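Visitor: Mind having a look at this structure? Questions to follow.
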Amino acid sequence: MQEIRHQFREDLRELENQVLGGMDLVAGQLDRAMESVSYQDVELAAMVVADDDRIDGRYLEVNQGILSLLARQSPVAGDLRIVAALLHCIRCIERMGDQCVNIAKLVPLSGHEAPKDKEILDAIERMGMLARSQVVQAKEALSGRNVELAQDLVRQDSEINALNRRIFRRAVEIGDDLELREWGMFMILVARCLERIGDNTVEIAEQVVFAVTGLFRELAAQGNSGDSALS
Amino acid sequence: MSTRRTHSNEMTTPDINEDEHPDLGALGAPVAPTGHSVEVQELNAYYGSEQALREVTLTFAANTVTAIIGPSGCGKSTLVRCINRMHEEIPGARAEGRVLLGDEDVYAPKVDITAVRRAIGMVFQRPNPFPTMSIFDNVAAGLKLAGMRGEAVRERVHRSLRAVGLWGEVKDRLNRPGIGLSGGQQQRLCIARTIAVEPEVILMDEPASALDPISTLRVEELIAELKSRYTIVIVTHNMQQAGRVADSTVFMLDGSLVEHAPTQQMFTNPRDERTERYVTGKFG
């Protein structure tokens, strides 16, 4: 027996590498978006907004490549599942890129020298670290077809969800200072963006489980049982 | 074994008096309105000392399309040829095991082999109309062989040509040679010839492999239409074709059945690693 369809395999590998590289782009964008929040760096935030074109371009490349692969190579079985998973993953990557842009766009709006609340800022930074960690772990789970690593993302994501709720509660009771309250409201929006990035990594994890097992399990629902509407 | 059927659909011709026209291979069983299931049990087939099928056991459900896929030499054509006992026509070839059409064993002693082949029709890879016969006579040949004559033959021929979607294309030239039709039309003519004798089962051995893409799609559409009246087994090298036409798919390897599952499962999540490797082209 000899392996055949070399060109197809090469094309599929290339598409997967583009998707994995897309997650690196997201991690880089997230780093800069979080830095711009922490240091109120409006210029860095503007770079994050401009650089989203690279992620959007990657989305279009992969999307086109997958359509071409489907039309020309008719993948089946495990190959079909991974192609379907890649299509879903690149959509998640594009959305995560958009969330980074949303965070960056909030930076100039939240005031140049706005008063800050340390508890909220610490929680936001912790959420950013966790979100980044989840993006990296989602990449590892996909490239290694690692179901356990994929399922572990749900555990991490529950911490992000908890922080999101904590930030909301803290912002509500932050005090009477109008500027501080306004900043707090912006931080709620930043937290919401980070929480969505976490959700997107869980969706990628679901696709990894599907690609490997052929079964679709909604991991997010398992992890969020008992969470409030904010999660 | 039932080789005669009554119909409750458009193919019915209530004005045909079956008493005037002999049964098409009467084996005495009651008539059935639709195709029968085919059950293959512990089937082994040989070409001389070489074993081509090994303990194959599976059921082809009634009124479904089952595709058989597998690499060359895996035994898929041998399997379908065993179902209507054509395998044994090859010198030195033999088969052991049971093939049940409904409740009756095709390999039982005293079974009329001609009746078996009428009940289990076959369409081959290359269209093979009788070269000296007209379009009409090609379809009528089996009927006349069975003793049918006159108006009943004409009606059955017209009905069969309509069933395969060929009527509109040939109704004005029924007396022209069948060999003058295009390849796709010839294959549909052969299918019309097969269904004219009203079989229970239609076996198709790569029926579209010699056809152009449009003719292939027409034959595939025809298969989908025919399955409401017949049980269809199709051998194909084209996995996309199996995916398009078959309700279930069988994967064979080295004379053995590896996996038999709903087609969607076979092409999205096969259970057996060998099936996965074959359908994804990791070996050929």
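A note on labels: chains of the structure tokens are A, B, ... as shown, every chain counts residues from 1, and ligands are counted from 1 in their shown order.
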Specify as a count of residues only all residues of chain B found within 12 Å of chain A, counting only C-alpha atoms.
Guide: 32
Visitor: Got a sec: who's within 7 Å of B:Glu206, counting only C-alpha atoms, leaving out chain neighbours fewer than 4 positions off, as a count of residues only?
Guide: 5
Visitor: Rounded to one decimal, what separation in Å do you get between atom CA of B:Ser134 and atom CA of B:Gln186?
Guide: 11.6 Å
Visitor: Any chance you could list, as a PyMOL selection string, the residues in stretch 28-270 of chain B that come up helix (DSSP H, G or I) when DSSP is run on the backbone?
Guide: chain B and resi 76-83+87-89+113-119+135-145+151-163+167-170+178-180+183-196+213-226+239-245+263-268
Visitor: Atom CA of B:Ile191 and atom CA of B:Leu143, how far apart in Å?
Guide: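 We find that atom CA of B:Leu143 and atom CA of B:Ile191 lie 14.0 Å from each other.
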Visitor: For B:Lys144, which of B:Val197, B:Val123, B:Arg229, B:Pro213 is the closest residue, counting only C-alpha atoms?
Guide: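 Closest residue, counting only C-alpha atoms: B:Val197.
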Visitor: Using backbone DSSP assignments, extract all strand (DSSP E or B) residues from stretch 111-268 of chain B; output them as a list in words.
Guide: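 Of stretch 111-268 of chain B, the ones in strand (DSSP E or B) are Ile120, Gly121, Met122, Val123, Ser134, Pro177, Val201, Ile202, Leu203, Met204, Asp205, Thr231, Ile232, Val233, Ile234, Val235, Ser248, Thr249, Val250, Phe251, Met252, Leu253, Ser256, Leu257, Val258, Glu259, His260, Ala261 and Pro262 of chain B.
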Visitor: Measure the distance from atom CA of B:Ala208 to atom CA of B:Ala95 in Å and round it to one decimal.
Guide: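 According to the coordinates, atom CA of B:Ala208 and atom CA of B:Ala95 are separated by 27.3 Å.
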Visitor: Which residue out of B:Val233, B:Leu189, B:Leu161, B:Ile195 has the minimum interatomic distance to B:Val65 when only C-alpha atoms are used?
Guide: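 For B:Val65, the nearest of the candidates is B:Val233.
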Visitor: Hey, which of A:Arg155, A:Arg95, A:Arg196, A:Lys105 ends up closest to A:Ser36? Count only C-alpha atoms.
Guide: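 Once distances to A:Ser36 are computed over only C-alpha atoms, the minimum belongs to A:Lys105.
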Visitor: Just the residues within 9 Å of A:Gln18, please, counting only C-alpha atoms, with nothing from its chain fewer than 5 positions along; format it as a list in words.
Guide: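 Non-adjacent residues within range: Arg13, Met23, Arg58, Glu61, Val62 and Ile90 of chain A.
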Visitor: Go through A:Asp117, A:Glu35, A:Asp53, A:Glu195 one by one, measure the shortest atom-to-atom distance of each to A:Arg170 using only C-alpha atoms, and give the residue with the smallest value.
Guide: A:Asp117
Visitor: Hey, what's within 10 Å of stretch 165-180 of chain B if we count only C-alpha atoms and toss same-chain stuff fewer than 2 positions away? As an mmCIF file with C-alpha atoms, in the first residue's frame, please?
Guide:
```cif
data_model
loop_
_atom_site.group_PDB
_atom_site.id
_atom_site.type_symbol
_atom_site.label_atom_id
_atom_site.label_comp_id
_atom_site.auth_asym_id
_atom_site.auth_seq_id
_atom_site.Cartn_x
_atom_site.Cartn_y
_atom_site.Cartn_z
ATOM 1 C CA PRO B 127 -22.974 0.089 -22.257
ATOM 2 C CA ASN B 128 -23.613 -3.129 -24.128
ATOM 3 C CA PRO B 129 -26.717 -2.785 -26.291
ATOM 4 C CA PHE B 130 -27.207 -5.646 -28.695
ATOM 5 C CA PRO B 131 -25.451 -4.200 -31.742
ATOM 6 C CA THR B 132 -27.732 -5.585 -34.391
ATOM 7 C CA MET B 133 -30.978 -4.713 -32.633
ATOM 8 C CA SER B 134 -33.092 -1.572 -32.731
ATOM 9 C CA ILE B 135 -33.690 0.572 -29.661
ATOM 10 C CA PHE B 136 -37.089 -1.065 -29.229
ATOM 11 C CA ASP B 137 -35.801 -4.599 -29.639
ATOM 12 C CA ASN B 138 -32.964 -4.010 -27.213
ATOM 13 C CA VAL B 139 -35.451 -3.304 -24.447
ATOM 14 C CA VAL B 157 -40.826 -1.198 -23.574
ATOM 15 C CA HIS B 158 -42.385 2.271 -23.590
ATOM 16 C CA ARG B 159 -42.776 2.235 -19.841
ATOM 17 C CA SER B 160 -39.164 1.188 -19.309
ATOM 18 C CA LEU B 161 -37.858 3.858 -21.658
ATOM 19 C CA ARG B 162 -39.906 6.452 -19.775
ATOM 20 C CA ALA B 163 -38.615 5.184 -16.437
ATOM 21 C CA SER B 182 -24.610 8.286 -27.331
ATOM 22 C CA GLY B 183 -22.727 6.455 -24.573
ATOM 23 C CA GLN B 185 -28.081 7.073 -23.777
ATOM 24 C CA GLN B 186 -26.825 3.553 -24.434
ATOM 25 C CA ARG B 188 -29.749 4.235 -19.919
ATOM 26 C CA LEU B 189 -31.016 1.925 -22.690
ATOM 27 C CA CYS B 190 -29.266 -0.951 -20.945
ATOM 28 C CA ALA B 192 -34.246 0.142 -19.455
ATOM 29 C CA ARG B 218 -28.146 11.547 -15.359
ATOM 30 C CA VAL B 219 -27.426 7.927 -14.510
ATOM 31 C CA GLU B 221 -30.282 10.735 -10.853
ATOM 32 C CA LEU B 222 -31.864 7.682 -12.414
#
```
Visitor: From the list B:Glu200, B:Asp212, B:Asp205, B:Asp105, which residue is nearest B:Ser77 when using only C-alpha atoms?
Guide: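 The shortest atom-to-atom distance to B:Ser77 comes from B:Asp205.
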Visitor: Which residues, written as a VMD selection string, have at least one atom at most 6 Å from stretch 133-144 of chain A, with only C-alpha atoms counted and residues fewer than 2 positions away on the same chain left out?
Guide: chain A and resid 20 130 to 131 146 149 to 150 201 208
Visitor: Stretch 53-56 of chain B: which residues within 10 Å, counting only C-alpha atoms, same-chain residues fewer than 4 positions away excluded, as a ChimeraX atom specification?
Guide: /B:40-47,74-76,78-79,82,95-98,252-258
